[in-house]
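Chemist: Pasting query_32.tsv below, which is TSV, C-alpha atoms and all ligand atoms.
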```
chain	number	residue	atom	x	y	z
A	1	MET	CA	-22.94	-15.74	9.40
A	2	GLY	CA	-20.70	-15.87	12.50
A	3	LYS	CA	-18.04	-13.31	13.29
A	4	VAL	CA	-15.35	-13.09	10.65
A	5	HIS	CA	-11.82	-11.74	10.94
A	6	VAL	CA	-10.69	-10.43	7.58
A	7	PHE	CA	-7.00	-10.49	6.71
A	8	ASN	CA	-7.32	-9.97	2.94
A	9	ALA	CA	-4.25	-8.61	1.16
A	10	GLY	CA	-6.30	-6.30	-1.04
A	11	PRO	CA	-8.86	-4.96	-1.47
A	12	CYS	CA	-8.44	-4.37	2.24
A	13	VAL	CA	-10.81	-4.16	5.16
A	14	LEU	CA	-12.12	-0.65	5.64
A	15	PRO	CA	-13.26	1.03	8.84
A	16	GLN	CA	-16.95	0.49	9.60
A	17	GLU	CA	-17.32	4.26	10.08
A	18	ALA	CA	-16.30	4.82	6.46
A	19	ILE	CA	-18.63	2.11	5.23
A	20	ASP	CA	-21.57	3.54	7.18
A	21	LYS	CA	-20.93	7.03	5.81
A	22	THR	CA	-20.70	5.57	2.32
A	23	ILE	CA	-24.05	3.82	2.69
A	24	GLU	CA	-25.62	7.20	3.55
A	25	ALA	CA	-23.92	8.87	0.60
A	26	LEU	CA	-25.08	6.12	-1.74
A	27	LYS	CA	-28.62	7.18	-0.89
A	28	ASP	CA	-28.12	10.92	-0.64
A	29	PHE	CA	-24.84	12.72	-1.20
A	30	LYS	CA	-24.59	15.75	1.13
A	31	GLY	CA	-28.31	16.46	1.06
A	32	THR	CA	-28.38	16.91	-2.72
A	33	GLY	CA	-30.98	14.15	-3.11
A	34	ILE	CA	-28.54	12.52	-5.54
A	35	SER	CA	-26.55	9.34	-4.92
A	36	VAL	CA	-22.76	9.72	-4.81
A	37	LEU	CA	-22.83	7.27	-7.73
A	38	SER	CA	-24.60	9.85	-9.89
A	39	ILE	CA	-23.28	13.14	-8.58
A	40	SER	CA	-21.68	15.28	-11.27
A	41	HIS	CA	-17.99	15.78	-10.64
A	42	ARG	CA	-18.51	19.40	-11.71
A	43	THR	CA	-20.80	20.25	-8.79
A	44	LYS	CA	-19.77	22.41	-5.86
A	45	GLU	CA	-20.57	19.52	-3.47
A	46	TRP	CA	-18.20	17.19	-5.28
A	47	GLU	CA	-15.46	19.77	-5.55
A	48	GLU	CA	-15.67	20.17	-1.79
A	49	THR	CA	-15.11	16.45	-1.30
A	50	MET	CA	-12.23	16.44	-3.75
A	51	ASN	CA	-10.63	19.38	-1.92
A	52	GLU	CA	-11.22	17.75	1.43
A	53	CYS	CA	-9.59	14.53	0.23
A	54	ARG	CA	-6.53	16.40	-1.00
A	55	ALA	CA	-6.36	18.41	2.23
A	56	LEU	CA	-6.58	15.24	4.34
A	57	TRP	CA	-3.70	13.69	2.44
A	58	LYS	CA	-1.61	16.81	2.97
A	59	GLU	CA	-2.47	17.07	6.63
A	60	LEU	CA	-2.10	13.39	7.55
A	61	LEU	CA	1.22	12.91	5.75
A	62	ASN	CA	2.47	16.43	6.38
A	63	ILE	CA	3.06	16.93	2.65
A	64	PRO	CA	5.17	20.04	1.99
A	65	ASP	CA	4.12	22.76	-0.51
A	66	THR	CA	6.82	21.53	-2.89
A	67	HIS	CA	4.66	18.46	-3.55
A	68	GLU	CA	1.16	17.96	-4.95
A	69	VAL	CA	-1.13	14.96	-4.68
A	70	VAL	CA	-3.24	13.62	-7.54
A	71	PHE	CA	-5.83	10.85	-7.78
A	72	LEU	CA	-6.20	8.76	-10.91
A	73	GLY	CA	-7.68	5.53	-12.21
A	74	GLY	CA	-5.80	2.63	-13.77
A	75	GLY	CA	-4.29	0.97	-10.71
A	76	ALA	CA	-0.78	1.09	-9.31
A	77	SER	CA	0.31	-1.14	-12.18
A	78	LEU	CA	-0.33	1.65	-14.68
A	79	GLN	CA	1.73	3.99	-12.49
A	80	PHE	CA	4.74	1.78	-13.26
A	81	LEU	CA	4.47	3.12	-16.81
A	82	TYR	CA	3.60	6.69	-15.77
A	83	VAL	CA	6.72	6.86	-13.62
A	84	ALA	CA	9.02	5.93	-16.48
A	85	MET	CA	7.23	8.18	-18.99
A	86	ASN	CA	7.51	11.19	-16.69
A	87	PHE	CA	10.94	10.71	-15.10
A	88	LEU	CA	13.14	8.44	-17.22
A	89	GLU	CA	15.47	10.30	-19.55
A	90	LYS	CA	18.83	8.49	-19.50
A	91	LYS	CA	18.94	5.86	-16.77
A	92	ALA	CA	17.03	4.66	-13.72
A	93	ALA	CA	17.74	2.04	-11.05
A	94	TYR	CA	15.21	-0.19	-9.32
A	95	LEU	CA	15.48	-2.15	-6.10
A	96	ASP	CA	14.06	-5.54	-7.05
A	97	THR	CA	12.36	-6.71	-3.87
A	98	GLY	CA	9.48	-8.72	-5.30
A	99	VAL	CA	6.92	-9.24	-8.01
A	100	TRP	CA	5.57	-5.69	-7.89
A	101	ALA	CA	9.03	-4.13	-7.86
A	102	HIS	CA	10.00	-6.33	-10.78
A	103	LYS	CA	6.90	-5.40	-12.75
A	104	ALA	CA	7.66	-1.72	-12.18
A	105	LEU	CA	11.17	-2.29	-13.53
A	106	GLN	CA	9.88	-4.16	-16.59
A	107	GLN	CA	7.56	-1.29	-17.49
A	108	ALA	CA	10.44	1.16	-17.27
A	109	GLN	CA	12.58	-1.08	-19.47
A	110	GLY	CA	9.93	-0.76	-22.16
A	111	ILE	CA	10.49	3.00	-22.09
A	112	GLY	CA	14.26	3.36	-21.62
A	113	ASP	CA	17.36	2.26	-19.76
A	114	ALA	CA	16.41	0.83	-16.38
A	115	TYR	CA	18.09	-1.87	-14.32
A	116	ALA	CA	17.95	-3.68	-10.98
A	117	ILE	CA	20.60	-2.25	-8.69
A	118	ALA	CA	20.11	-5.12	-6.24
A	119	CYS	CA	17.73	-8.05	-6.05
A	120	SER	CA	16.60	-10.49	-3.36
A	121	LYS	CA	15.21	-13.13	-5.68
A	122	ASP	CA	17.99	-15.54	-4.63
A	123	LYS	CA	16.06	-16.15	-1.39
A	124	ASN	CA	12.57	-15.80	-2.86
A	125	TYR	CA	12.44	-12.12	-1.92
A	126	THR	CA	12.46	-12.77	1.83
A	127	TYR	CA	14.78	-9.87	2.62
A	128	ILE	CA	15.57	-6.30	1.58
A	129	PRO	CA	18.99	-5.99	-0.14
A	130	LYS	CA	21.42	-3.64	1.56
A	131	GLY	CA	24.93	-2.34	1.01
A	132	TYR	CA	24.66	-1.42	-2.67
A	133	GLU	CA	25.80	1.96	-3.92
A	134	ILE	CA	23.52	4.34	-5.80
A	135	PRO	CA	25.25	6.08	-8.75
A	136	THR	CA	24.68	9.82	-8.76
A	137	ASP	CA	23.92	10.09	-12.47
A	138	LEU	CA	20.53	8.34	-12.30
A	139	ASP	CA	17.26	10.07	-13.20
A	140	TYR	CA	15.73	8.29	-10.24
A	141	PHE	CA	15.93	5.33	-7.89
A	142	HIS	CA	12.74	3.30	-7.45
A	143	ILE	CA	11.83	1.31	-4.35
A	144	THR	CA	8.78	-0.67	-3.22
A	145	THR	CA	8.53	0.10	0.48
A	146	ASN	CA	6.27	-2.80	1.37
A	147	ASN	CA	6.42	-6.09	-0.47
A	148	THR	CA	2.86	-7.24	-0.09
A	149	ILE	CA	3.45	-10.79	-1.30
A	150	TYR	CA	6.58	-11.60	0.73
A	151	GLY	CA	5.99	-9.60	3.89
A	152	THR	CA	9.13	-7.48	3.82
A	153	GLU	CA	9.17	-3.74	4.37
A	154	ILE	CA	11.53	-0.78	4.18
A	155	LYS	CA	10.43	1.02	7.33
A	156	GLU	CA	12.69	4.04	7.08
A	157	ASP	CA	12.88	6.90	4.59
A	158	TYR	CA	16.12	6.42	2.66
A	159	ASP	CA	18.60	9.21	2.14
A	160	CYS	CA	19.16	9.08	-1.59
A	161	PRO	CA	21.58	11.06	-3.78
A	162	VAL	CA	19.15	11.00	-6.73
A	163	PRO	CA	15.37	11.53	-6.92
A	164	LEU	CA	13.72	8.77	-4.90
A	165	ILE	CA	10.44	7.25	-6.14
A	166	ALA	CA	8.48	4.83	-3.99
A	167	ASP	CA	5.58	2.49	-4.59
A	168	MET	CA	3.87	2.62	-1.19
A	169	SER	CA	0.71	0.80	-2.24
A	170	SER	CA	0.57	-1.43	0.79
A	171	ASP	CA	2.01	0.67	3.60
A	172	ILE	CA	0.96	4.22	2.83
A	173	MET	CA	-0.60	5.94	5.87
A	174	SER	CA	0.58	3.12	8.14
A	175	ARG	CA	3.30	5.35	9.64
A	176	PRO	CA	4.64	8.90	9.32
A	177	VAL	CA	6.73	9.44	6.17
A	178	ASP	CA	9.19	12.24	5.46
A	179	VAL	CA	7.66	13.19	2.11
A	180	SER	CA	10.40	15.75	1.46
A	181	LYS	CA	12.82	12.86	0.86
A	182	TYR	CA	10.85	11.60	-2.13
A	183	ALA	CA	10.45	12.91	-5.66
A	184	MET	CA	7.33	10.82	-5.80
A	185	ILE	CA	5.26	8.40	-3.74
A	186	TYR	CA	2.42	6.47	-5.33
A	187	GLY	CA	0.17	3.47	-4.88
A	188	GLY	CA	-3.23	1.90	-5.27
A	189	ALA	CA	-5.74	2.92	-2.60
A	190	GLN	CA	-7.09	-0.58	-2.10
A	191	LYS	CA	-4.39	-1.83	0.25
A	192	ASN	CA	-4.68	0.67	3.05
A	193	VAL	CA	-6.64	3.84	2.26
A	194	GLY	CA	-9.75	2.96	0.31
A	195	PRO	CA	-11.49	0.69	-2.17
A	196	ALA	CA	-10.12	-0.43	-5.53
A	197	GLY	CA	-10.43	2.02	-8.42
A	198	VAL	CA	-8.19	4.93	-7.50
A	199	ILE	CA	-4.48	5.57	-7.10
A	200	PHE	CA	-2.68	8.37	-5.26
A	201	ALA	CA	0.49	10.03	-6.51
A	202	ILE	CA	2.38	12.56	-4.40
A	203	ILE	CA	4.77	14.36	-6.71
A	204	ARG	CA	7.47	16.95	-6.13
A	205	LYS	CA	6.49	19.53	-8.73
A	206	ASP	CA	10.00	20.58	-9.68
A	207	ALA	CA	10.96	16.96	-10.44
A	208	LEU	CA	8.66	17.03	-13.47
A	209	GLY	CA	9.40	18.42	-16.92
A	210	LYS	CA	12.90	16.96	-17.17
A	211	VAL	CA	12.32	14.44	-19.95
A	212	SER	CA	12.45	15.24	-23.65
A	213	ARG	CA	9.98	12.62	-24.88
A	214	TYR	CA	6.43	13.34	-25.92
A	215	ILE	CA	4.12	12.40	-23.04
A	216	PRO	CA	0.49	11.73	-23.99
A	217	THR	CA	-1.82	14.16	-22.16
A	218	MET	CA	-3.43	11.52	-19.94
A	219	LEU	CA	-0.05	10.06	-18.95
A	220	ASP	CA	1.45	13.43	-18.06
A	221	TYR	CA	1.37	14.19	-14.33
A	222	LYS	CA	1.41	17.88	-15.16
A	223	THR	CA	-2.04	17.57	-16.73
A	224	HIS	CA	-3.48	16.13	-13.54
A	225	ILE	CA	-1.72	18.52	-11.20
A	226	GLU	CA	-2.92	21.49	-13.25
A	227	LYS	CA	-6.51	20.22	-13.46
A	228	GLU	CA	-6.57	19.09	-9.82
A	229	SER	CA	-7.26	15.46	-10.79
A	230	MET	CA	-10.33	16.50	-12.79
A	231	PHE	CA	-8.95	16.60	-16.33
A	232	ASN	CA	-11.41	13.83	-17.06
A	233	THR	CA	-14.07	12.15	-14.91
A	234	PRO	CA	-12.32	11.07	-11.72
A	235	PRO	CA	-13.21	7.78	-9.98
A	236	VAL	CA	-15.81	9.65	-7.92
A	237	PHE	CA	-17.07	6.78	-5.79
A	238	ALA	CA	-13.62	5.41	-4.91
A	239	ILE	CA	-12.42	8.91	-3.98
A	240	TYR	CA	-15.48	9.36	-1.80
A	241	VAL	CA	-14.77	6.16	0.15
A	242	MET	CA	-11.09	7.07	0.42
A	243	THR	CA	-12.07	10.47	1.87
A	244	GLU	CA	-14.21	8.81	4.53
A	245	THR	CA	-11.38	6.38	5.31
A	246	LEU	CA	-8.97	9.27	5.81
A	247	ARG	CA	-11.51	11.11	7.96
A	248	TRP	CA	-11.62	8.05	10.16
A	249	LEU	CA	-7.82	7.90	10.31
A	250	LYS	CA	-7.69	11.54	11.34
A	251	SER	CA	-10.37	10.99	13.99
A	252	ILE	CA	-8.34	8.27	15.70
A	253	GLY	CA	-5.19	10.39	15.82
A	254	GLY	CA	-3.63	10.11	12.36
A	255	VAL	CA	-0.54	8.23	11.21
A	256	LYS	CA	1.36	8.42	14.52
A	257	ALA	CA	-1.52	6.79	16.37
A	258	ILE	CA	-2.05	4.15	13.70
A	259	GLN	CA	1.68	3.38	13.62
A	260	LYS	CA	1.57	2.52	17.30
A	261	LEU	CA	-1.44	0.30	16.77
A	262	ASN	CA	0.13	-1.34	13.72
A	263	GLU	CA	3.30	-2.07	15.69
A	264	GLU	CA	1.27	-3.65	18.47
A	265	LYS	CA	-0.75	-5.80	16.07
A	266	ALA	CA	2.33	-7.00	14.20
A	267	ALA	CA	4.22	-7.74	17.44
A	268	LEU	CA	1.32	-9.86	18.68
A	269	LEU	CA	1.35	-12.04	15.59
A	270	TYR	CA	5.13	-12.24	15.07
A	271	ASN	CA	5.64	-13.14	18.73
A	272	GLU	CA	3.18	-15.96	18.36
A	273	ILE	CA	4.79	-17.21	15.15
A	274	ASP	CA	8.18	-17.23	16.89
A	275	ARG	CA	6.82	-18.93	20.01
A	276	ASN	CA	4.48	-21.46	18.42
A	277	SER	CA	6.15	-24.77	17.50
A	278	MET	CA	3.75	-25.28	14.57
A	279	PHE	CA	4.74	-22.23	12.52
A	280	VAL	CA	7.74	-20.29	11.23
A	281	GLY	CA	7.97	-16.84	9.67
A	282	THR	CA	9.36	-16.55	6.14
A	283	ALA	CA	10.71	-12.97	6.05
A	284	ALA	CA	14.10	-11.96	7.48
A	285	LYS	CA	13.42	-10.68	11.00
A	286	GLU	CA	14.93	-7.22	10.52
A	287	ASP	CA	12.85	-6.68	7.37
A	288	ARG	CA	9.51	-7.97	8.62
A	289	SER	CA	6.52	-6.04	7.35
A	290	LEU	CA	4.03	-4.54	9.77
A	291	MET	CA	1.35	-4.88	7.12
A	292	ASN	CA	1.65	-8.37	5.64
A	293	VAL	CA	2.75	-11.15	7.97
A	294	CYS	CA	3.91	-14.27	6.10
A	295	PHE	CA	4.43	-17.65	7.72
A	296	VAL	CA	4.43	-21.34	6.91
A	297	MET	CA	4.12	-24.62	8.81
A	298	ALA	CA	7.27	-25.47	10.77
A	299	PRO	CA	9.62	-28.10	9.26
A	300	GLY	CA	8.08	-31.51	9.73
A	301	LYS	CA	4.57	-30.10	10.13
A	302	GLU	CA	3.98	-29.28	6.47
A	303	ASP	CA	1.27	-31.90	6.06
A	304	LEU	CA	-0.86	-30.05	8.62
A	305	GLN	CA	-1.25	-26.99	6.41
A	306	ASP	CA	-4.67	-27.87	4.99
A	307	GLU	CA	-5.87	-28.84	8.42
A	308	PHE	CA	-4.89	-25.46	9.82
A	309	PHE	CA	-6.65	-23.68	6.96
A	310	ALA	CA	-9.85	-25.59	7.75
A	311	PHE	CA	-9.42	-25.04	11.50
A	312	ALA	CA	-8.86	-21.30	11.07
A	313	LYS	CA	-11.73	-20.98	8.61
A	314	ALA	CA	-14.10	-22.63	11.07
A	315	GLN	CA	-13.09	-19.96	13.58
A	316	GLY	CA	-13.89	-17.14	11.18
A	317	MET	CA	-10.42	-16.37	9.78
A	318	VAL	CA	-10.69	-15.05	6.23
A	319	GLY	CA	-7.95	-14.31	3.71
A	320	ILE	CA	-4.97	-15.96	5.40
A	321	LYS	CA	-3.81	-17.98	2.41
A	322	GLY	CA	-0.33	-16.96	1.31
A	323	HIS	CA	0.31	-15.76	-2.22
A	324	ARG	CA	0.87	-18.71	-4.57
A	325	SER	CA	4.53	-17.71	-5.05
A	326	VAL	CA	5.26	-18.07	-1.32
A	327	GLY	CA	2.66	-20.60	-0.13
A	328	GLY	CA	1.67	-21.02	3.49
A	329	PHE	CA	-0.11	-18.16	5.19
A	330	ARG	CA	-0.28	-14.42	4.99
A	331	ALA	CA	-2.26	-12.23	7.36
A	332	SER	CA	-2.59	-8.62	6.22
A	333	LEU	CA	-2.84	-6.26	9.18
A	334	TYR	CA	-3.77	-3.06	7.39
A	335	ASN	CA	-4.90	0.03	9.29
A	336	ALA	CA	-8.55	-0.99	9.62
A	337	CYS	CA	-7.71	-4.50	10.85
A	338	LYS	CA	-8.42	-4.46	14.58
A	339	LYS	CA	-6.28	-5.71	17.42
A	340	GLU	CA	-9.10	-8.08	18.38
A	341	ASP	CA	-8.85	-9.68	14.93
A	342	VAL	CA	-5.16	-10.36	15.47
A	343	GLU	CA	-5.86	-11.66	18.97
A	344	ALA	CA	-8.42	-14.05	17.50
A	345	LEU	CA	-5.88	-15.36	14.98
A	346	VAL	CA	-3.25	-15.78	17.70
A	347	ALA	CA	-5.74	-17.70	19.88
A	348	CYS	CA	-6.55	-19.90	16.91
A	349	MET	CA	-2.87	-20.71	16.38
A	350	GLN	CA	-2.46	-21.53	20.07
A	351	GLU	CA	-5.46	-23.86	20.05
A	352	PHE	CA	-4.14	-25.58	16.97
A	353	GLU	CA	-0.82	-26.18	18.69
A	354	LYS	CA	-2.56	-27.67	21.73
A	355	LEU	CA	-4.54	-30.04	19.50
A	356	HIS	CA	-1.30	-31.43	18.13
A	357	LYS	CA	0.77	-31.61	21.32
B	1	LIG	C1	-1.15	-4.53	-5.17
B	1	LIG	C2	0.11	-3.84	-5.47
B	1	LIG	C3	0.34	-3.25	-6.73
B	1	LIG	C4	-0.63	-3.37	-7.88
B	1	LIG	O1	-1.76	-2.62	-7.66
B	1	LIG	P1	-2.92	-2.54	-8.74
B	1	LIG	O2	-3.70	-1.36	-8.29
B	1	LIG	O3	-3.67	-3.84	-8.65
B	1	LIG	O4	-2.32	-2.36	-10.08
B	1	LIG	C5	1.53	-2.59	-6.91
B	1	LIG	N1	2.44	-2.49	-5.94
B	1	LIG	C6	2.26	-3.04	-4.72
B	1	LIG	C7	3.31	-2.89	-3.67
B	1	LIG	C8	1.08	-3.74	-4.45
B	1	LIG	O5	0.89	-4.28	-3.24
```
Represent the structure from my file as structure tokens, please.
Modeler:
Amino acid sequence: MGKVHVFNAGPCVLPQEAIDKTIEALKDFKGTGISVLSISHRTKEWEETMNECRALWKELLNIPDTHEVVFLGGGASLQFLYVAMNFLEKKAAYLDTGVWAHKALQQAQGIGDAYAIACSKDKNYTYIPKGYEIPTDLDYFHITTNNTIYGTEIKEDYDCPVPLIADMSSDIMSRPVDVSKYAMIYGGAQKNVGPAGVIFAIIRKDALGKVSRYIPTMLDYKTHIEKESMFNTPPVFAIYVMTETLRWLKSIGGVKAIQKLNEEKAALLYNEIDRNSMFVGTAAKEDRSLMNVCFVMAPGKEDLQDEFFAFAKAQGMVGIKGHRSVGGFRASLYNACKKEDVEALVACMQEFEKLHK
């Protein structure tokens, strides 16, 4: 197998350091003689890892004491329901910026009164709506900071007059975040901080307990905060890999350092898309995501799409097919994607242009 450059949208590439550590732990977890796959979650060794993981989250994102972080199974999609169960009493507004945002809204509508305050579906979700007003009587306002499928991103922390809840599945830990501005931040680990199988939820503790409905024990964030994510068997293996991924992130300088790298990687690729006569970007320039870069063949060149896929594949590019609802190409430049991978993709695009000059 030749060298591959992986741009998968999720599960994401992970740092080799984390994979190597995981291979060791699969054989022998912390010198216990037991594989991490079989370690009891009630052992001292596991509790240490769990505590370390929580501490790394708090340190890397500078999470204030007002907030707690929990790790659960079920995927980000189940969090759509959790959010509504735990926070929706009278009314909530959602910013409808794509398929995931819309799914989150639909789950809330099954629980209570929730609506889209603004929506960018008119242009196939290629921009982030702006200029709407947020009523002050909402239980919360929900945003999806990075729209994985369409390559748009909210890169700032909004000032919001009501509790702000954000799905940050695909841009968490890609930049510093002012956690104090959010009542909750959540997401699946598999886009930027670990393997599939675990979600993170950072919750402002005093934002809980405001709904009158009965919340089943497993769906109640209070349960998991109180039991430190060990009310039931946690996804031990996924949490282990996430811990190693965060250790790596810390070792290279944390979110500030990775933000710089992510900006450089994205600039490399967007500059090429804008320069190269064969391709055009699909997202509005001011809303372009640093994580998922979406582009299509330039007008008149559409029939070369399959040829470029084959050309790129032969040069080791993996996972650059756009989501079926957008078409074209999508390169995901998550934290563990290296600058050299992006350079290889850019070189491939340049060669393709030369071939067709
Ligand atoms: C992938 C994704 C989800 C869904 O995650 P699952 O863990 O597969 O349920 C939700 N929101 C965003 C922004 C995503 O990118």
Chemist: Report as CSV the residues of chain A within 8 Å of ligand LIG 1 (chain B), each with its shortest atom pair and distance in Å (one decimal), using only C-alpha atoms and all ligand atoms, ordered by chain and increasing residue number.
Modeler:
```
residue,atom,partner,partner_atom,distance
A:Gly10,CA,B:LIG1,C1,6.8
A:Gly74,CA,B:LIG1,O2,7.1
A:Gly75,CA,B:LIG1,O2,3.4
A:Ala76,CA,B:LIG1,O4,3.9
A:Ser77,CA,B:LIG1,O4,3.6
A:Leu78,CA,B:LIG1,O4,6.4
A:Gln79,CA,B:LIG1,O4,7.9
A:Trp100,CA,B:LIG1,N1,4.9
A:Ala101,CA,B:LIG1,N1,7.1
A:Thr144,CA,B:LIG1,C7,5.9
A:Thr145,CA,B:LIG1,C7,7.3
A:Asn146,CA,B:LIG1,C7,5.8
A:Asn147,CA,B:LIG1,C7,5.5
A:Thr148,CA,B:LIG1,O5,4.8
A:Ile149,CA,B:LIG1,O5,7.3
A:Asp167,CA,B:LIG1,C7,5.9
A:Met168,CA,B:LIG1,C7,6.1
A:Ser169,CA,B:LIG1,C7,4.7
A:Ser170,CA,B:LIG1,O5,4.9
A:Gly187,CA,B:LIG1,N1,6.5
A:Gly188,CA,B:LIG1,O2,4.5
A:Ala189,CA,B:LIG1,O2,7.4
A:Gln190,CA,B:LIG1,O2,7.1
A:Lys191,CA,B:LIG1,O5,6.8
A:Ala196,CA,B:LIG1,O2,7.0
A:Gly197,CA,B:LIG1,O2,7.5
A:Val198,CA,B:LIG1,O2,7.8
A:Ile199,CA,B:LIG1,O2,7.1
```
Chemist: Skip Met291 of chain A itself and residues of its chain fewer than 6 positions away, then list as a count of residues only all residues within 8 Å of it, counting only C-alpha atoms.
Modeler: 10
Chemist: Go through A:Thr136, A:Thr32, A:Thr126, A:Thr66 and flag the residue nearest Trp46 of chain A, using all atoms listed in the file for the distances.
Modeler: A:Thr32
Chemist: Restricting the calculation to only C-alpha atoms: of A:Asn192, A:Asn335, A:Thr43, A:Gln109, which residue gets closest to Ile258 of chain A?
Modeler: A:Asn335
Chemist: For Arg275 of chain A, which residue out of A:Asp122, A:Lys210, A:Met349, A:Gly73 is the nearest one, using only C-alpha atoms?
Modeler: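 Between A:Asp122, A:Lys210, A:Met349, A:Gly73, the residue approaching Arg275 of chain A most closely is A:Met349.
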Chemist: Could you give me, as a compact mmCIF listing (two decimals) with C-alpha atoms, in the frame of the given file, the residues within 12 Å of Pro235 of chain A, counting all atoms listed in the file and dropping anything in the same chain fewer than 2 positions from it?
Modeler:
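Saved result, part.txt, follows:
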```
# COMPACT_ATOMS: atom_id res chain seq x y z
CA VAL A 36 -22.76 9.72 -4.81
CA LEU A 37 -22.83 7.27 -7.73
CA SER A 38 -24.60 9.85 -9.89
CA ILE A 39 -23.28 13.14 -8.58
CA SER A 40 -21.68 15.28 -11.27
CA HIS A 41 -17.99 15.78 -10.64
CA TRP A 46 -18.20 17.19 -5.28
CA MET A 50 -12.23 16.44 -3.75
CA VAL A 70 -3.24 13.62 -7.54
CA PHE A 71 -5.83 10.85 -7.78
CA LEU A 72 -6.20 8.76 -10.91
CA GLY A 73 -7.68 5.53 -12.21
CA GLY A 74 -5.80 2.63 -13.77
CA GLY A 75 -4.29 0.97 -10.71
CA ALA A 189 -5.74 2.92 -2.60
CA GLY A 194 -9.75 2.96 0.31
CA PRO A 195 -11.49 0.69 -2.17
CA ALA A 196 -10.12 -0.43 -5.53
CA GLY A 197 -10.43 2.02 -8.42
CA VAL A 198 -8.19 4.93 -7.50
CA ILE A 199 -4.48 5.57 -7.10
CA PHE A 200 -2.68 8.37 -5.26
CA SER A 229 -7.26 15.46 -10.79
CA MET A 230 -10.33 16.50 -12.79
CA PHE A 231 -8.95 16.60 -16.33
CA ASN A 232 -11.41 13.83 -17.06
CA THR A 233 -14.07 12.15 -14.91
CA PHE A 237 -17.07 6.78 -5.79
CA ALA A 238 -13.62 5.41 -4.91
CA ILE A 239 -12.42 8.91 -3.98
CA TYR A 240 -15.48 9.36 -1.80
CA VAL A 241 -14.77 6.16 0.15
CA MET A 242 -11.09 7.07 0.42
```
Chemist: Please list as a PyMOL selection string every residue within 8 Å of Tyr115 of chain A, counting all atoms listed in the file and excluding residues in the same chain fewer than 4 positions away.
Modeler: chain A and resi 92-94+105+109
Chemist: For the residues selected in the previous step, produce a file with C-alpha atoms as a PDB file, keeping the file's coordinate frame.
Modeler:
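The new file part_3.pdb reads:
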```
ATOM      1  CA  ALA A  92      17.030   4.660 -13.720  1.00  0.00           C
ATOM      2  CA  ALA A  93      17.740   2.040 -11.050  1.00  0.00           C
ATOM      3  CA  TYR A  94      15.210  -0.190  -9.320  1.00  0.00           C
ATOM      4  CA  LEU A 105      11.170  -2.290 -13.530  1.00  0.00           C
ATOM      5  CA  GLN A 109      12.580  -1.080 -19.470  1.00  0.00           C
TER       6      GLN A 109
END
```
Chemist: Suppose you want the space between atom CA of Pro163 of chain A and atom CA of His67 of chain A; what is it in Å?
Modeler: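 Taking atom CA of Pro163 of chain A as the start and atom CA of His67 of chain A as the end point, the length is 13.2 Å.
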Chemist: Using atom CA of Ala118 of chain A and atom CA of Thr282 of chain A as the two end points, give the distance in Å to one decimal.
Modeler: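 Computed distance, atom CA of Ala118 of chain A to atom CA of Thr282 of chain A, equals 20.0 Å.
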Chemist: Counting all atoms listed in the file, which residue out of A:Ile320, A:Leu61, A:Ile154, A:Val255 sits closest to Asn8 of chain A?
Modeler: A:Ile320
Chemist: Could you name the residues that touch Glu286 of chain A at 10 Å or less, counting all atoms listed in the file, but leaving out those on the same chain fewer than 3 positions away, as a VMD selection string?
Modeler: chain A and resid 127 to 128 152 to 155 283 289
Chemist: Between atom CA of Ala104 of chain A and atom CA of Met85 of chain A, what is the spacing in Å?
Modeler: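 Computing the Euclidean distance for atom CA of Met85 of chain A and atom CA of Ala104 of chain A yields 12.0 Å.
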Chemist: Ranking A:Ala9, A:Leu138, A:Ile273, A:Val69 by minimum distance to Lys205 of chain A and counting all atoms listed in the file, which one comes first?
Modeler: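 With all atoms listed in the file as the atom set, the closest residue is A:Val69.
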Chemist: Go through A:Tyr140, A:Leu290, A:Glu264, A:Phe29 one by one, measure the shortest atom-to-atom distance of each to Glu340 of chain A using all atoms listed in the file, and give the residue with the smallest value.
Modeler: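 Checking each of A:Tyr140, A:Leu290, A:Glu264, A:Phe29 against Glu340 of chain A, counting all atoms listed in the file, the winner is A:Glu264.
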Chemist: List every protein, DNA or RNA residue that has at least one atom no more than 8 Å from (23.2, 4.5, -7.2) in the file's coordinates, counting all atoms listed in the file, and write the result as a ChimeraX atom specification.
Modeler: /A:93,117,132-138,141,161-162
